[in-house]
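Below you'll find the structure, written out as structure tokens, and then a few comments.
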Amino acid sequence: MQSIDYIYRFDPENPSAKPSPPDPAAAKRALENGNRTFSQWMESCAANTPSPDPSRFVVMCNAWEMGVQRVGDAPPKPNPFAVVVGCSDPRVPTEMLFGQGFNDLFVIRVAGNVLGSECLGSIDFALSALRESVKVLVVLGHSGCGAVTGAVDAYLQPPRFWSKAISPNLRAIEQRIFVAVREAANGLEQVWGSDAKQQPGFREALVDAAVGINAAQAALDLRQEVERAGTTGIEVLYGIYNLSTHRVTSPLQGEEAAGEARSQLDYAPTNPSDFNRLAVVVAEQLLRKRKQRIN
Ligand SMILES: [Zn+2]
């Protein structure tokens with residue numbers, strides 16, 4: 001395998017190479033296009049199949065956003081077009097996987113991408129102080145999330161949850177994820193049957209389903225936060241980053257996503273009743289996946 005370069009490039013001939021997206025639709029496209037290019041590049045690196053230049057991924061940078069060209073002595077003003085709430089997991093580097101650089105994203109990372117008060121306070125800050133530039137709020141979950149897996153294991157074995165091995169602070173994170181785990185378990189029972197828990201692959205499926213519903217839950221909460229603040233002109237989105245394919249997709253599409261949907265964010269649910277539909281759709285996907293594995 002050849003060496004791989006991830007490059008942030010500033011071109012002095014074209015100093016404003018990366019204009020900020022003017023509206024939510026353009027901001028959504030910028031993130032999706034960035035992830036599409038990134039995931040294709042990662043795929044070509046892994047497969048060692050030369051496409052235009054598989055060893056390099058170039059993120060163009062704007063000289064003013066980087067602070068290498070200045071107006072007077074002032075440093076650049078914060079100018080993010082997206083607020084992203086993601087997991088702290090080191091395998092999910094937010095800017096890299098969306099192909100973004102300096103001053104593009106206002107990133108909040110917390111295990112399990114749960115919305116505690118400090119997290120919501122950071123979002124309130126972004127919604128007021130950075131109101132001019134922010135066009136979208138994004139919740140980004142990811143496959144194989146340790147925090148969600150912990151919540152699933154605690155759900156399946158309640159005594160473990162109350163053991164001294166789990167700190168109260170960690171327990172607080174897992175508690176926030178329980179609603180999603182319960183909804184995911186209901187969806188699996190609806191689709192797989194009442195004996196779902198006894199079927200092979202149930203725990204892994206519960207983790208996969210809960211990851212999607214947990215992100216959707218946080219996205220709904222953020223949508224309500226935006227509405228409470230009376231903010232207009234900001235869209236709330238969510239998606240799941242797959243550690244294997246490096247793609248961000250909607251849980252409604254999952255690994256079955258094709259074409260443009262291979263890198264796609266979804267709009268936040270508008271109603272808590274959407275979660276059951278999501279849980280059923282994800283449970284159906286997971287059932288098809290299990291059948292494919294068996295055949
Ligand atoms: Zn995680």
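Order determines the names: the first chain of the structure tokens is A, the second B, and so forth; residues in each chain are numbered 1 upward, and ligands are numbered 1 upward as they are shown.
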
Test item: residues no farther than 6 Å from ligand 1, counting only C-alpha atoms and all ligand atoms, as a PyMOL selection string | chain A and resi 87+89+111-112+145-147

Please save C-alpha atoms of the selected residues as an mmCIF file, in the first residue's frame.
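Below is the file again31.cif, written as the result:
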data_model
loop_
_atom_site.group_PDB
_atom_site.id
_atom_site.type_symbol
_atom_site.label_atom_id
_atom_site.label_comp_id
_atom_site.auth_asym_id
_atom_site.auth_seq_id
_atom_site.Cartn_x
_atom_site.Cartn_y
_atom_site.Cartn_z
ATOM 1 C CA CYS A 87 -19.271 11.454 19.657
ATOM 2 C CA ASP A 89 -14.760 8.535 19.694
ATOM 3 C CA ALA A 111 -19.524 10.333 24.333
ATOM 4 C CA GLY A 112 -22.682 8.973 22.719
ATOM 5 C CA CYS A 145 -20.465 3.482 19.431
ATOM 6 C CA GLY A 146 -19.039 2.460 22.834
ATOM 7 C CA ALA A 147 -21.456 4.657 24.786
#

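Every protein, DNA or RNA residue with an atom at most 8 Å from Phe81 of chain A, where only C-alpha atoms count and chain neighbours fewer than 6 positions away do not, is listed here: Ser20, Pro21, Ala27, Asp104, Leu105, Phe106, Ser133, Val134, Lys135 and Val136 of chain A.
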
Please produce a file of the residues just selected, as a tab-separated table (two decimals), in the first residue's frame, where the atoms kept are N, CA and C atoms.
chain	number	residue	atom	x	y	z
A	20	SER	N	-18.33	30.44	1.99
A	20	SER	CA	-19.23	29.80	2.96
A	20	SER	C	-20.59	29.56	2.31
A	21	PRO	N	-21.22	28.39	2.57
A	21	PRO	CA	-22.54	28.12	1.96
A	21	PRO	C	-23.55	29.19	2.37
A	27	ALA	N	-25.42	24.30	2.68
A	27	ALA	CA	-24.61	23.79	3.78
A	27	ALA	C	-24.71	22.26	3.85
A	104	ASP	N	-14.83	26.22	9.63
A	104	ASP	CA	-16.01	25.75	8.91
A	104	ASP	C	-17.07	25.20	9.86
A	105	LEU	N	-16.62	24.47	10.90
A	105	LEU	CA	-17.56	23.77	11.77
A	105	LEU	C	-17.38	24.20	13.23
A	106	PHE	N	-18.49	24.31	13.93
A	106	PHE	CA	-18.48	24.51	15.38
A	106	PHE	C	-18.81	23.13	15.95
A	133	SER	N	-23.62	33.17	10.67
A	133	SER	CA	-22.95	32.22	9.77
A	133	SER	C	-23.55	30.82	9.79
A	134	VAL	N	-24.13	30.40	10.93
A	134	VAL	CA	-24.59	28.99	11.05
A	134	VAL	C	-25.85	28.76	10.21
A	135	LYS	N	-25.79	27.72	9.37
A	135	LYS	CA	-26.95	27.39	8.50
A	135	LYS	C	-27.59	26.05	8.88
A	136	VAL	N	-26.80	25.15	9.46
A	136	VAL	CA	-27.36	23.84	9.85
A	136	VAL	C	-26.80	23.38	11.19

Counting only C-alpha atoms, figure out which residue out of A:Gln198, A:Asn214, A:Gln253, A:Ser263 gets nearest to Arg29 of chain A.
-> A:Ser263

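Residue nearest Ala46 of chain A within the list A:Val152, A:Val92, A:Ile4, A:Ala215: A:Ile4 [criterion: smallest interatomic distance, only C-alpha atoms].
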
Per DSSP on the backbone, what are the helix (DSSP H, G or I) residues of segment 63-242 of chain A, as a VMD selection string?
-> chain A and resid 63 to 66 94 to 97 111 to 113 117 to 129 146 to 156 158 to 161 168 to 192 196 to 198 202 to 228

If you measure from atom CA of Gly187 of chain A to atom CA of Lys28 of chain A, what distance in Å do you get, rounded to one decimal?
->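 A separation of 28.8 Å between them.
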
When you look at Tyr238 of chain A with a cut-off of 12 Å (counting only C-alpha atoms), what residues show up, excluding the ones that are within fewer than 2 positions of it in the same chain? I need them as a PDB file with N, CA and C atoms, in the first residue's frame.
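So out-v6.pdb came out as:
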ATOM      1  N   LYS A  28     -25.936  21.753   3.674  1.00  0.00           N
ATOM      2  CA  LYS A  28     -26.152  20.295   3.680  1.00  0.00           C
ATOM      3  C   LYS A  28     -25.341  19.651   2.536  1.00  0.00           C
ATOM      4  N   LEU A  31     -21.533  19.470   3.219  1.00  0.00           N
ATOM      5  CA  LEU A  31     -21.144  18.373   4.120  1.00  0.00           C
ATOM      6  C   LEU A  31     -21.246  17.029   3.399  1.00  0.00           C
ATOM      7  N   GLU A  32     -22.332  16.828   2.675  1.00  0.00           N
ATOM      8  CA  GLU A  32     -22.521  15.546   1.975  1.00  0.00           C
ATOM      9  C   GLU A  32     -21.463  15.355   0.887  1.00  0.00           C
ATOM     10  N   ALA A  82     -21.772  25.273  10.013  1.00  0.00           N
ATOM     11  CA  ALA A  82     -22.512  24.162  10.634  1.00  0.00           C
ATOM     12  C   ALA A  82     -22.076  23.971  12.073  1.00  0.00           C
ATOM     13  N   VAL A  83     -23.045  23.612  12.917  1.00  0.00           N
ATOM     14  CA  VAL A  83     -22.757  23.157  14.276  1.00  0.00           C
ATOM     15  C   VAL A  83     -22.922  21.643  14.234  1.00  0.00           C
ATOM     16  N   VAL A  84     -21.902  20.907  14.675  1.00  0.00           N
ATOM     17  CA  VAL A  84     -21.981  19.441  14.645  1.00  0.00           C
ATOM     18  C   VAL A  84     -21.834  18.895  16.057  1.00  0.00           C
ATOM     19  N   VAL A  85     -22.818  18.107  16.474  1.00  0.00           N
ATOM     20  CA  VAL A  85     -22.730  17.411  17.758  1.00  0.00           C
ATOM     21  C   VAL A  85     -22.382  15.960  17.440  1.00  0.00           C
ATOM     22  N   GLY A  86     -21.172  15.554  17.799  1.00  0.00           N
ATOM     23  CA  GLY A  86     -20.729  14.199  17.490  1.00  0.00           C
ATOM     24  C   GLY A  86     -20.212  13.499  18.729  1.00  0.00           C
ATOM     25  N   ASN A 113     -22.811  11.216  21.737  1.00  0.00           N
ATOM     26  CA  ASN A 113     -23.476  12.438  21.213  1.00  0.00           C
ATOM     27  C   ASN A 113     -24.796  12.736  21.932  1.00  0.00           C
ATOM     28  N   VAL A 136     -26.800  25.152   9.463  1.00  0.00           N
ATOM     29  CA  VAL A 136     -27.358  23.844   9.852  1.00  0.00           C
ATOM     30  C   VAL A 136     -26.795  23.382  11.194  1.00  0.00           C
ATOM     31  N   LEU A 137     -27.625  22.645  11.940  1.00  0.00           N
ATOM     32  CA  LEU A 137     -27.169  21.913  13.130  1.00  0.00           C
ATOM     33  C   LEU A 137     -27.213  20.439  12.750  1.00  0.00           C
ATOM     34  N   VAL A 138     -26.155  19.710  13.095  1.00  0.00           N
ATOM     35  CA  VAL A 138     -26.069  18.305  12.692  1.00  0.00           C
ATOM     36  C   VAL A 138     -25.753  17.435  13.903  1.00  0.00           C
ATOM     37  N   VAL A 139     -26.497  16.353  14.067  1.00  0.00           N
ATOM     38  CA  VAL A 139     -26.133  15.334  15.059  1.00  0.00           C
ATOM     39  C   VAL A 139     -25.514  14.180  14.296  1.00  0.00           C
ATOM     40  N   LEU A 140     -24.311  13.794  14.705  1.00  0.00           N
ATOM     41  CA  LEU A 140     -23.601  12.725  14.004  1.00  0.00           C
ATOM     42  C   LEU A 140     -23.348  11.548  14.948  1.00  0.00           C
ATOM     43  N   GLY A 141     -24.103  10.470  14.774  1.00  0.00           N
ATOM     44  CA  GLY A 141     -23.820   9.234  15.504  1.00  0.00           C
ATOM     45  C   GLY A 141     -22.835   8.404  14.692  1.00  0.00           C
ATOM     46  N   HIS A 142     -22.438   7.266  15.232  1.00  0.00           N
ATOM     47  CA  HIS A 142     -21.536   6.408  14.438  1.00  0.00           C
ATOM     48  C   HIS A 142     -21.710   4.940  14.814  1.00  0.00           C
ATOM     49  N   VAL A 211     -28.103   3.221  17.823  1.00  0.00           N
ATOM     50  CA  VAL A 211     -27.230   4.311  17.336  1.00  0.00           C
ATOM     51  C   VAL A 211     -28.050   5.280  16.473  1.00  0.00           C
ATOM     52  N   GLY A 212     -28.850   4.728  15.554  1.00  0.00           N
ATOM     53  CA  GLY A 212     -29.656   5.563  14.661  1.00  0.00           C
ATOM     54  C   GLY A 212     -30.730   6.331  15.416  1.00  0.00           C
ATOM     55  N   ILE A 213     -31.400   5.639  16.317  1.00  0.00           N
ATOM     56  CA  ILE A 213     -32.508   6.294  17.029  1.00  0.00           C
ATOM     57  C   ILE A 213     -31.977   7.317  18.034  1.00  0.00           C
ATOM     58  N   ASN A 214     -30.831   7.030  18.626  1.00  0.00           N
ATOM     59  CA  ASN A 214     -30.224   7.985  19.561  1.00  0.00           C
ATOM     60  C   ASN A 214     -29.873   9.299  18.847  1.00  0.00           C
ATOM     61  N   ALA A 215     -29.333   9.182  17.633  1.00  0.00           N
ATOM     62  CA  ALA A 215     -29.009  10.404  16.873  1.00  0.00           C
ATOM     63  C   ALA A 215     -30.289  11.139  16.473  1.00  0.00           C
ATOM     64  N   ALA A 216     -31.315  10.370  16.071  1.00  0.00           N
ATOM     65  CA  ALA A 216     -32.591  10.991  15.681  1.00  0.00           C
ATOM     66  C   ALA A 216     -33.228  11.702  16.879  1.00  0.00           C
ATOM     67  N   GLN A 217     -33.114  11.077  18.043  1.00  0.00           N
ATOM     68  CA  GLN A 217     -33.674  11.664  19.270  1.00  0.00           C
ATOM     69  C   GLN A 217     -32.994  13.013  19.572  1.00  0.00           C
ATOM     70  N   ALA A 218     -31.658  13.004  19.482  1.00  0.00           N
ATOM     71  CA  ALA A 218     -30.921  14.253  19.752  1.00  0.00           C
ATOM     72  C   ALA A 218     -31.285  15.313  18.714  1.00  0.00           C
ATOM     73  N   ALA A 219     -31.492  14.869  17.458  1.00  0.00           N
ATOM     74  CA  ALA A 219     -31.849  15.831  16.400  1.00  0.00           C
ATOM     75  C   ALA A 219     -33.222  16.445  16.667  1.00  0.00           C
ATOM     76  N   LEU A 220     -34.165  15.631  17.126  1.00  0.00           N
ATOM     77  CA  LEU A 220     -35.489  16.175  17.465  1.00  0.00           C
ATOM     78  C   LEU A 220     -35.362  17.179  18.617  1.00  0.00           C
ATOM     79  N   ASP A 221     -34.563  16.828  19.629  1.00  0.00           N
ATOM     80  CA  ASP A 221     -34.364  17.740  20.754  1.00  0.00           C
ATOM     81  C   ASP A 221     -33.773  19.074  20.275  1.00  0.00           C
ATOM     82  N   LEU A 222     -32.814  18.973  19.345  1.00  0.00           N
ATOM     83  CA  LEU A 222     -32.201  20.205  18.823  1.00  0.00           C
ATOM     84  C   LEU A 222     -33.195  21.018  18.017  1.00  0.00           C
ATOM     85  N   ARG A 223     -34.020  20.333  17.234  1.00  0.00           N
ATOM     86  CA  ARG A 223     -35.050  21.044  16.458  1.00  0.00           C
ATOM     87  C   ARG A 223     -35.959  21.834  17.403  1.00  0.00           C
ATOM     88  N   GLU A 235     -31.528  24.712   9.541  1.00  0.00           N
ATOM     89  CA  GLU A 235     -32.101  23.372   9.409  1.00  0.00           C
ATOM     90  C   GLU A 235     -31.380  22.415  10.360  1.00  0.00           C
ATOM     91  N   VAL A 236     -32.129  21.450  10.913  1.00  0.00           N
ATOM     92  CA  VAL A 236     -31.510  20.460  11.811  1.00  0.00           C
ATOM     93  C   VAL A 236     -31.453  19.111  11.091  1.00  0.00           C
ATOM     94  N   ILE A 240     -25.449   9.006  10.366  1.00  0.00           N
ATOM     95  CA  ILE A 240     -24.615   8.018  11.056  1.00  0.00           C
ATOM     96  C   ILE A 240     -23.359   7.785  10.232  1.00  0.00           C
ATOM     97  N   TYR A 241     -22.214   7.901  10.879  1.00  0.00           N
ATOM     98  CA  TYR A 241     -20.933   7.629  10.214  1.00  0.00           C
ATOM     99  C   TYR A 241     -20.582   6.161  10.411  1.00  0.00           C
ATOM    100  N   VAL A 248     -21.274   8.797   5.693  1.00  0.00           N
ATOM    101  CA  VAL A 248     -22.340   9.280   6.575  1.00  0.00           C
ATOM    102  C   VAL A 248     -23.658   9.057   5.842  1.00  0.00           C
ATOM    103  N   THR A 249     -24.553   8.292   6.442  1.00  0.00           N
ATOM    104  CA  THR A 249     -25.835   8.044   5.787  1.00  0.00           C
ATOM    105  C   THR A 249     -26.974   8.260   6.778  1.00  0.00           C
ATOM    106  N   SER A 250     -28.176   8.365   6.223  1.00  0.00           N
ATOM    107  CA  SER A 250     -29.367   8.418   7.062  1.00  0.00           C
ATOM    108  C   SER A 250     -29.642   7.001   7.565  1.00  0.00           C
ATOM    109  N   PRO A 251     -30.046   6.848   8.846  1.00  0.00           N
ATOM    110  CA  PRO A 251     -30.382   5.500   9.322  1.00  0.00           C
ATOM    111  C   PRO A 251     -31.539   4.896   8.528  1.00  0.00           C
ATOM    112  N   LEU A 252     -32.368   5.739   7.905  1.00  0.00           N
ATOM    113  CA  LEU A 252     -33.475   5.218   7.092  1.00  0.00           C
ATOM    114  C   LEU A 252     -32.951   4.491   5.854  1.00  0.00           C
ATOM    115  N   SER A 263     -23.844   9.126   0.613  1.00  0.00           N
ATOM    116  CA  SER A 263     -23.399  10.116   1.612  1.00  0.00           C
ATOM    117  C   SER A 263     -24.534  11.099   1.753  1.00  0.00           C
ATOM    118  N   GLN A 264     -25.318  10.932   2.780  1.00  0.00           N
ATOM    119  CA  GLN A 264     -26.506  11.783   2.899  1.00  0.00           C
ATOM    120  C   GLN A 264     -26.910  11.988   4.350  1.00  0.00           C
ATOM    121  N   LEU A 265     -27.236  13.227   4.647  1.00  0.00           N
ATOM    122  CA  LEU A 265     -27.789  13.544   5.967  1.00  0.00           C
ATOM    123  C   LEU A 265     -29.305  13.582   5.852  1.00  0.00           C
ATOM    124  N   ASP A 266     -29.984  13.320   6.942  1.00  0.00           N
ATOM    125  CA  ASP A 266     -31.445  13.346   6.922  1.00  0.00           C
ATOM    126  C   ASP A 266     -31.945  14.521   7.763  1.00  0.00           C
ATOM    127  N   TYR A 267     -33.185  14.938   7.505  1.00  0.00           N
ATOM    128  CA  TYR A 267     -33.771  16.011   8.308  1.00  0.00           C
ATOM    129  C   TYR A 267     -34.240  15.451   9.646  1.00  0.00           C
ATOM    130  N   ALA A 268     -34.108  16.244  10.687  1.00  0.00           N
ATOM    131  CA  ALA A 268     -34.490  15.794  12.035  1.00  0.00           C
ATOM    132  C   ALA A 268     -35.969  15.423  12.055  1.00  0.00           C
ATOM    133  N   PRO A 269     -36.336  14.409  12.852  1.00  0.00           N
ATOM    134  CA  PRO A 269     -37.755  14.086  12.998  1.00  0.00           C
ATOM    135  C   PRO A 269     -38.498  15.305  13.536  1.00  0.00           C
TER     136      PRO A 269
END
